[in-house]
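Shown next: data.txt, given as compact mmCIF, C-alpha atoms.
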# COMPACT_ATOMS: atom_id res chain seq x y z
CA MET R 110 0.00 0.00 0.00
CA SER R 111 1.36 3.41 -0.91
CA GLU R 112 2.35 5.87 1.81
CA SER R 113 -0.23 8.47 0.70
CA LEU R 114 -3.07 5.90 0.74
CA ARG R 115 -2.04 4.67 4.20
CA LYS R 116 -2.02 8.26 5.51
CA THR R 117 -5.48 8.87 4.00
CA ILE R 118 -6.92 5.72 5.63
CA ASN R 119 -5.46 6.81 8.98
CA ASN R 120 -7.10 10.23 8.49
CA MET R 121 -10.44 8.51 7.86
CA LYS R 122 -10.08 6.32 10.94
CA THR R 123 -9.58 9.41 13.10
CA ALA R 124 -12.15 11.60 11.39
CA PHE R 125 -15.18 9.35 11.16
CA PRO R 126 -15.88 8.65 14.88
CA MET R 127 -15.24 12.34 15.62
CA ILE R 128 -17.62 13.49 12.88
CA VAL R 129 -20.36 11.13 14.11
CA GLY R 130 -19.80 12.25 17.72
CA VAL R 131 -19.89 15.95 16.84
CA LEU R 132 -23.04 15.54 14.75
CA MET R 133 -24.73 13.66 17.61
CA LEU R 134 -23.72 16.38 20.09
CA VAL R 135 -24.86 19.25 17.88
CA ASN R 136 -28.18 17.60 17.09
CA LEU R 137 -28.73 17.17 20.82
CA LEU R 138 -27.68 20.75 21.73
CA ASN R 139 -29.46 22.66 18.96
CA PRO R 140 -33.06 21.78 19.97
CA LEU R 141 -32.19 22.35 23.65
CA PHE R 142 -30.67 25.83 23.11
CA GLY R 143 -32.92 26.78 20.20
CA LYS R 144 -36.03 27.07 22.35
CA PHE R 145 -34.24 29.46 24.73
CA TYR R 146 -33.01 31.93 22.08
CA PRO R 147 -36.05 34.22 22.19
CA LYS R 148 -35.76 34.38 26.00
CA ILE R 149 -32.01 35.06 25.97
CA PHE R 150 -32.12 38.13 23.71
CA THR R 151 -33.97 40.85 25.56
CA GLY R 152 -32.93 43.90 23.51
CA ASN R 153 -30.31 45.32 25.89
CA TYR R 154 -27.81 47.35 23.86
CA PHE R 155 -24.74 46.28 25.87
CA LEU R 156 -25.64 42.71 26.75
CA ASP R 157 -27.18 41.73 23.44
CA PRO R 158 -23.99 41.37 21.35
CA LEU R 159 -22.36 39.47 24.21
CA LEU R 160 -25.35 37.16 24.56
CA GLY R 161 -25.63 36.93 20.78
CA ALA R 162 -22.00 35.81 20.53
CA LEU R 163 -22.51 33.33 23.39
CA GLY R 164 -25.65 31.93 21.76
CA GLY R 165 -23.91 31.61 18.40
CA SER R 166 -20.87 29.94 19.98
CA VAL R 167 -22.82 26.98 21.30
CA SER R 168 -24.60 26.42 17.99
CA PHE R 169 -23.21 25.74 14.61
CA GLY R 170 -24.19 24.98 11.08
CA ILE R 171 -23.98 26.46 7.63
CA PRO R 172 -24.26 30.30 7.55
CA LEU R 173 -27.62 30.01 5.79
CA THR R 174 -29.16 28.41 8.90
CA SER R 175 -27.96 31.28 11.09
CA TYR R 176 -29.44 33.85 8.67
CA ILE R 177 -32.82 32.11 8.85
CA ALA R 178 -32.62 31.83 12.65
CA GLY R 179 -31.42 35.46 12.87
CA GLY R 180 -34.25 36.64 10.63
CA GLU R 181 -36.74 34.84 12.87
CA LEU R 182 -35.18 36.37 15.99
CA ILE R 183 -35.45 39.87 14.52
CA SER R 184 -39.11 39.16 13.72
CA GLY R 185 -39.48 38.14 17.35
CA GLY R 186 -38.18 41.53 18.51
CA VAL R 187 -34.48 40.80 19.05
CA SER R 188 -32.11 43.68 18.20
CA LEU R 189 -30.06 43.63 14.98
CA LEU R 190 -26.93 44.12 17.09
CA ALA R 191 -27.51 40.85 18.97
CA VAL R 192 -28.45 38.95 15.83
CA THR R 193 -25.34 40.19 13.98
CA ALA R 194 -23.08 38.91 16.79
CA PHE R 195 -25.14 35.72 16.83
CA ILE R 196 -24.72 34.96 13.11
CA LEU R 197 -21.01 35.83 13.25
CA ALA R 198 -20.30 33.57 16.24
CA TRP R 199 -22.51 30.83 14.74
CA THR R 200 -19.93 30.13 12.05
CA THR R 201 -16.68 31.50 13.52
CA VAL R 202 -16.83 30.08 17.05
CA GLY R 203 -17.49 26.38 17.36
CA LEU R 204 -17.49 24.98 20.89
CA ALA R 205 -18.99 21.69 19.72
CA MET R 206 -16.34 21.55 16.98
CA LEU R 207 -13.45 22.29 19.33
CA PRO R 208 -12.41 18.64 19.92
CA ILE R 209 -12.12 17.93 16.21
CA GLU R 210 -10.32 21.25 15.55
CA ILE R 211 -7.85 20.50 18.36
CA THR R 212 -7.27 16.99 16.99
CA TYR R 213 -6.26 18.25 13.56
CA LEU R 214 -4.88 21.76 14.06
CA GLY R 215 -3.53 21.70 17.59
CA LYS R 216 -4.79 22.92 20.95
CA ARG R 217 -3.16 26.39 20.84
CA PHE R 218 -4.38 27.15 17.33
CA ALA R 219 -7.96 26.05 18.04
CA LEU R 220 -8.27 27.76 21.43
CA TRP R 221 -6.74 31.08 20.31
CA ARG R 222 -8.74 31.13 17.07
CA ASN R 223 -12.07 30.55 18.83
CA PHE R 224 -11.22 32.98 21.65
CA ILE R 225 -10.33 35.77 19.19
CA ASN R 226 -13.34 35.02 16.98
CA PHE R 227 -15.68 35.37 19.96
CA PHE R 228 -14.52 38.94 20.60
CA PHE R 229 -14.41 39.72 16.89
CA ALA R 230 -18.08 38.73 16.65
CA ILE R 231 -18.94 41.40 19.24
CA ILE R 232 -16.64 44.04 17.70
CA ILE R 233 -17.77 43.47 14.09
CA ALA R 234 -21.45 43.46 15.14
CA THR R 235 -21.00 46.81 16.92
CA LEU R 236 -19.01 48.30 14.02
CA THR R 237 -21.54 47.10 11.44
CA ILE R 238 -24.50 48.65 13.26
CA ALA R 239 -22.51 51.84 14.02
CA THR R 240 -21.56 52.15 10.33
CA LEU R 241 -25.17 51.62 9.24
CA ASN R 242 -26.31 54.30 11.68
CA PHE R 243 -23.48 56.68 10.68
CA LEU R 244 -24.35 56.35 6.98
CA GLY R 245 -28.05 56.69 7.80
CA LEU R 246 -28.88 53.36 6.11
CA MET C 109 7.64 -5.56 28.33
CA ASN C 110 7.41 -8.33 25.72
CA LYS C 111 5.82 -7.93 22.28
CA GLU C 112 2.57 -9.61 23.32
CA GLY C 113 2.17 -7.20 26.23
CA GLN C 114 2.81 -4.20 23.97
CA ASN C 115 0.19 -5.44 21.51
CA LYS C 116 -2.32 -5.89 24.33
CA ASN C 117 -1.70 -2.29 25.46
CA LYS C 118 -2.12 -1.04 21.91
CA LYS C 119 -5.42 -2.88 21.58
CA LYS C 120 -6.68 -1.49 24.90
CA ARG C 121 -5.87 2.15 24.10
CA LEU C 122 -8.68 4.02 22.36
CA SER C 123 -8.02 6.99 20.12
CA ASN C 124 -9.26 10.43 21.23
CA SER C 125 -11.93 10.46 18.51
CA ASN C 126 -13.26 7.06 19.62
CA ARG C 127 -13.27 8.22 23.24
CA PHE C 128 -15.23 11.31 22.24
CA LEU C 129 -17.79 9.19 20.36
CA LEU C 130 -18.14 6.90 23.39
CA LEU C 131 -18.64 9.90 25.68
CA VAL C 132 -21.38 11.36 23.46
CA THR C 133 -23.01 7.91 23.19
CA GLY C 134 -22.97 7.72 27.00
CA ILE C 135 -24.66 11.13 27.23
CA TYR C 136 -27.32 9.95 24.76
CA ILE C 137 -27.98 6.78 26.77
CA GLY C 138 -28.24 8.79 30.00
CA ILE C 139 -30.69 11.34 28.54
CA ALA C 140 -32.70 8.61 26.77
CA PHE C 141 -34.06 7.49 30.15
CA PHE C 142 -35.67 10.91 30.73
CA GLU C 143 -36.20 12.33 27.22
CA PRO C 144 -36.55 9.42 24.77
CA GLU C 145 -38.25 11.60 22.13
CA LEU C 146 -35.38 14.14 22.15
CA ILE C 147 -32.82 11.36 21.66
CA LYS C 148 -34.90 9.72 18.94
CA ASN C 149 -35.12 13.00 17.01
CA ALA C 150 -31.42 13.77 17.52
CA LEU C 151 -30.42 10.32 16.27
CA TRP C 152 -32.74 10.58 13.30
CA ARG C 153 -31.33 14.00 12.40
CA THR C 154 -27.74 12.72 12.81
CA GLY C 155 -28.49 9.82 10.46
CA GLU C 156 -30.05 12.18 7.94
CA VAL C 157 -27.05 14.53 8.00
CA LEU C 158 -24.58 11.64 7.76
CA VAL C 159 -26.30 10.24 4.67
CA LYS C 160 -26.39 13.75 3.20
CA ILE C 161 -22.70 14.47 3.80
CA LEU C 162 -21.41 11.02 2.86
CA PRO C 163 -20.60 12.03 -0.75
CA VAL C 164 -18.86 15.16 0.62
CA LEU C 165 -16.83 13.00 3.01
CA VAL C 166 -15.80 10.68 0.19
CA LEU C 167 -14.77 13.72 -1.86
CA VAL C 168 -12.84 15.12 1.10
CA PHE C 169 -10.83 11.93 1.49
CA VAL C 170 -10.15 11.88 -2.26
CA VAL C 171 -8.84 15.45 -1.91
CA ILE C 172 -6.72 14.41 1.09
CA TYR C 173 -5.32 11.52 -0.96
CA ILE C 174 -4.50 13.85 -3.88
CA ILE C 175 -2.86 16.30 -1.47
CA ASN C 176 -0.85 13.47 0.10
CA ARG C 177 0.08 12.17 -3.34
CA TYR C 178 0.99 15.34 -5.24
CA LEU C 179 1.35 18.33 -2.95
CA ASN C 180 4.78 18.57 -1.51
CA THR C 181 6.16 20.70 1.29
CA GLN C 182 8.01 23.05 -1.08
CA LYS C 183 4.85 24.03 -2.96
CA ILE C 184 2.89 24.75 0.23
CA ARG C 185 5.73 26.76 1.69
CA LYS C 186 6.02 28.77 -1.52
CA HIS C 187 2.31 29.81 -1.82
CA LEU C 188 0.98 29.64 1.73
CA GLY C 189 4.09 29.01 3.83
CA GLU C 190 6.44 31.16 5.89
CA HIS C 191 7.75 33.07 2.87
CA SER C 192 4.53 33.34 0.85
CA GLY C 193 4.45 37.14 1.38
CA TRP C 194 1.42 39.34 0.74
CA ARG C 195 0.25 37.08 -2.10
CA GLY C 196 -0.29 34.29 0.44
CA TRP C 197 -2.75 36.50 2.32
CA VAL C 198 -4.64 37.36 -0.88
CA TYR C 199 -4.76 33.65 -1.84
CA ALA C 200 -6.02 32.80 1.66
CA VAL C 201 -8.90 35.34 1.43
CA ILE C 202 -9.93 34.05 -2.01
CA VAL C 203 -9.66 30.39 -0.98
CA GLY C 204 -11.70 31.10 2.17
CA VAL C 205 -14.51 32.84 0.25
CA LEU C 206 -14.66 30.09 -2.41
CA LEU C 207 -14.17 27.12 -0.11
CA ALA C 208 -17.28 24.98 0.45
CA GLY C 209 -18.00 22.29 3.02
CA PRO C 210 -18.60 22.12 6.76
CA PRO C 211 -15.64 22.75 9.09
CA TYR C 212 -15.46 19.18 10.43
CA VAL C 213 -14.64 17.91 6.97
CA LEU C 214 -12.14 20.72 6.32
CA TYR C 215 -10.10 20.28 9.52
CA PRO C 216 -8.42 17.04 8.34
CA ILE C 217 -7.39 18.74 5.07
CA PHE C 218 -5.95 21.81 6.79
CA GLY C 219 -4.38 19.72 9.54
CA ASP C 220 -2.54 17.90 6.80
CA LEU C 221 -1.54 21.16 5.08
CA GLN C 222 -0.37 22.55 8.43
CA ASP C 223 1.92 19.52 8.80
CA LYS C 224 3.25 20.26 5.32
CA GLY C 225 4.24 23.82 6.29
CA MET C 226 1.17 26.00 5.76
CA LYS C 227 1.19 29.08 7.99
CA ASN C 228 -1.26 29.10 10.94
CA SER C 229 -2.16 32.73 10.18
CA LEU C 230 -3.27 31.83 6.64
CA ILE C 231 -5.33 28.86 7.89
CA ALA C 232 -7.07 31.27 10.29
CA VAL C 233 -7.71 33.72 7.40
CA ILE C 234 -9.20 30.94 5.26
CA PHE C 235 -11.47 29.74 8.09
CA TYR C 236 -12.70 33.26 8.86
CA ASN C 237 -13.52 34.01 5.22
CA ARG C 238 -15.65 30.88 5.02
CA ASN C 239 -18.35 33.17 6.45
CA VAL C 240 -18.28 35.39 3.38
CA LYS C 241 -20.19 32.90 1.29
CA LEU C 242 -21.13 34.01 -2.21
CA GLN C 243 -23.76 31.26 -2.52
CA PHE C 244 -25.54 32.43 0.65
CA LEU C 245 -25.39 36.16 -0.16
CA PRO C 246 -28.95 36.28 -1.61
CA ALA C 247 -30.30 34.88 1.69
CA LEU C 248 -28.27 37.39 3.72
CA ILE C 249 -29.58 40.25 1.55
CA TYR C 250 -33.12 38.87 1.80
CA TYR C 251 -33.08 38.84 5.60
CA PHE C 252 -30.87 41.84 6.41
CA GLY C 253 -30.77 44.09 3.32
CA LEU C 254 -28.07 45.00 0.78
CA SER C 255 -26.29 47.71 2.82
CA PHE C 256 -26.00 45.48 5.88
CA SER C 257 -24.71 42.58 3.77
CA ILE C 258 -22.03 44.68 2.04
CA ILE C 259 -20.83 46.37 5.24
CA LEU C 260 -20.75 43.08 7.17
CA SER C 261 -18.87 41.28 4.36
CA VAL C 262 -16.24 44.06 4.12
CA TYR C 263 -15.68 44.02 7.90
CA MET C 264 -15.42 40.22 7.90
CA ILE C 265 -12.73 40.26 5.18
CA LEU C 266 -10.77 43.03 6.95
CA PHE C 267 -11.02 41.33 10.34
CA SER C 268 -10.06 37.98 8.82
CA LEU C 269 -6.62 39.48 8.11
CA LEU C 270 -6.32 40.82 11.66
CA ASN C 271 -7.50 37.42 12.87
CA GLY C 272 -4.72 35.75 10.87
CA VAL C 273 -2.07 38.12 12.26
CA LEU C 274 -3.21 37.57 15.86
CA VAL C 275 -3.64 33.79 15.64
CA GLY C 276 -0.27 33.45 13.85
CA ALA C 277 1.54 35.59 16.44
CA LEU C 278 -0.11 34.03 19.51
CA VAL C 279 0.40 30.43 18.40
CA LYS C 280 4.02 31.17 17.49
CA LYS C 281 4.64 32.89 20.82
CA ALA C 282 3.13 29.99 22.74
CA GLU C 283 5.38 27.53 20.88
Represent the structure contained in this file as C-alpha cells.
Amino acid sequence: MSESLRKTINNMKTAFPMIVGVLMLVNLLNPLFGKFYPKIFTGNYFLDPLLGALGGSVSFGIPLTSYIAGGELISGGVSLLAVTAFILAWTTVGLAMLPIEITYLGKRFALWRNFINFFFAIIIATLTIATLNFLGL
Amino acid sequence: MNKEGQNKNKKKRLSNSNRFLLLVTGIYIGIAFFEPELIKNALWRTGEVLVKILPVLVLVFVVIYIINRYLNTQKIRKHLGEHSGWRGWVYAVIVGVLLAGPPYVLYPIFGDLQDKGMKNSLIAVIFYNRNVKLQFLPALIYYFGLSFSIILSVYMILFSLLNGVLVGALVKKAE
C-alpha cells in the first residue's frame, strides 16, 4: 500500500468517529438551546452582542441556517446588534467543533482562534450597526 | 515488556476520537431514560445529515489523498508558507470565500496542510472568510438588506486578516 493511501486511511479512521460524535452532540444541543433563544435576547444594547455571541458559539451549522434563525429572531423583537453577533459567532466560534479542531490543528491554534473570533463577533457586530447608523442606512 | 504485552496495550488504548464518540453515546444513553423523544429526534437527524454528507466525506478523502500524493512541502511553503508574502494573504482570502464544506470535513485537510508547512495565520484567514459565502449572499440580503450585507462582508474580510495576524503571532509565541 502506498504511503499516501495509508495516511489517507489513517485520516479517515480518526475523522469518522469524531464526525459522528460531533453531529450527535450538535443535534442534541441545537433543539435544547434553540427554544431558549427568544428568551435570551432581551434587547439590551450592551448585553445583546455578548449574549448573541454566546448563543452563536454553542450552535453551529452552515451560515444560511444562522441567517434564517437570525431573521426569525429579529421578527421576534431581538435587536439587529444581537443577531449580527449571533450569526457571526454561529460560524466563527465552534465549541462543539473544538475537539475535532484541536485533533487536527492543535490545541493552541484552536483555542486562540475561537477565543479571538468570539470577541471579533462582538466588535464586528457593533461596528456594522454603528456604520449603518453613521451612513443613515 | 514483551511484544505480546505491547500489543495488548495497543489494543486497549482508544483513540481520542473514539473516546469522544463513546462519551457522546454515554450522554445519549443517560438522557434517553428521561427524554426518549429528544434522543430519537437527535439520532434521526444525525443519520439524515450523515447520509447527506457522505458524498462530501468521500470527496474530502479523495482530496486528502490527492494532497498526500501530489502536494509537496516546497509548494505549500512557496504559496501559503512562511515566505509566501502578501500574495499568500490574498490567496487565503480568495480560498476562504470560495471554499465549500462544513468545518469538520475541512479540519483534516488543513491539519494535513499545516503539517506540510502552511502558515497558521493563513489557515485562520481561510477559516474566517468561510463566512463570506457568495452562494448564501442572496439569503443574507433577503433577511438583512443589501447595505448590511455589504458592510458586514467588508468588515469580515478586513477582520479575517487581523485574525490571521493575531492567531499566527499568539500560536508562534506559545510555541
Check your understanding: Do you know which residues are at most 12 Å from C:Ile249 counting all atoms listed in the file, after dropping those on the same chain fewer than 4 positions away, and could you put them as JSON, numbers by chain?
Key -> {"R": [173, 176, 177, 180], "C": [241, 242, 243, 244, 245, 253, 254, 255, 256, 257, 258, 259, 260, 261]}
Point to revise | Point-to-point distance in Å for atom CA of R:Asn136 and atom CA of C:Asn149 | key: 8.3 Å
Review point. What does the distance from atom CA of C:Gly134 to atom CA of C:Leu158 come to in Å, to one decimal?
Key: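 That distance, rounded to one decimal, is 19.7 Å.
Interatomic distance, atom CA of C:Ile161 against atom CA of R:Phe195: 25.0 Å.
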Point to revise | Neighbour list for stretch 213-221 of chain C as an NGL selection string, cut-off 6 Å, all atoms listed in the file, skip fewer than 4 positions in-chain | key: (:R and (213-214)) or (:C and (172 or 226))
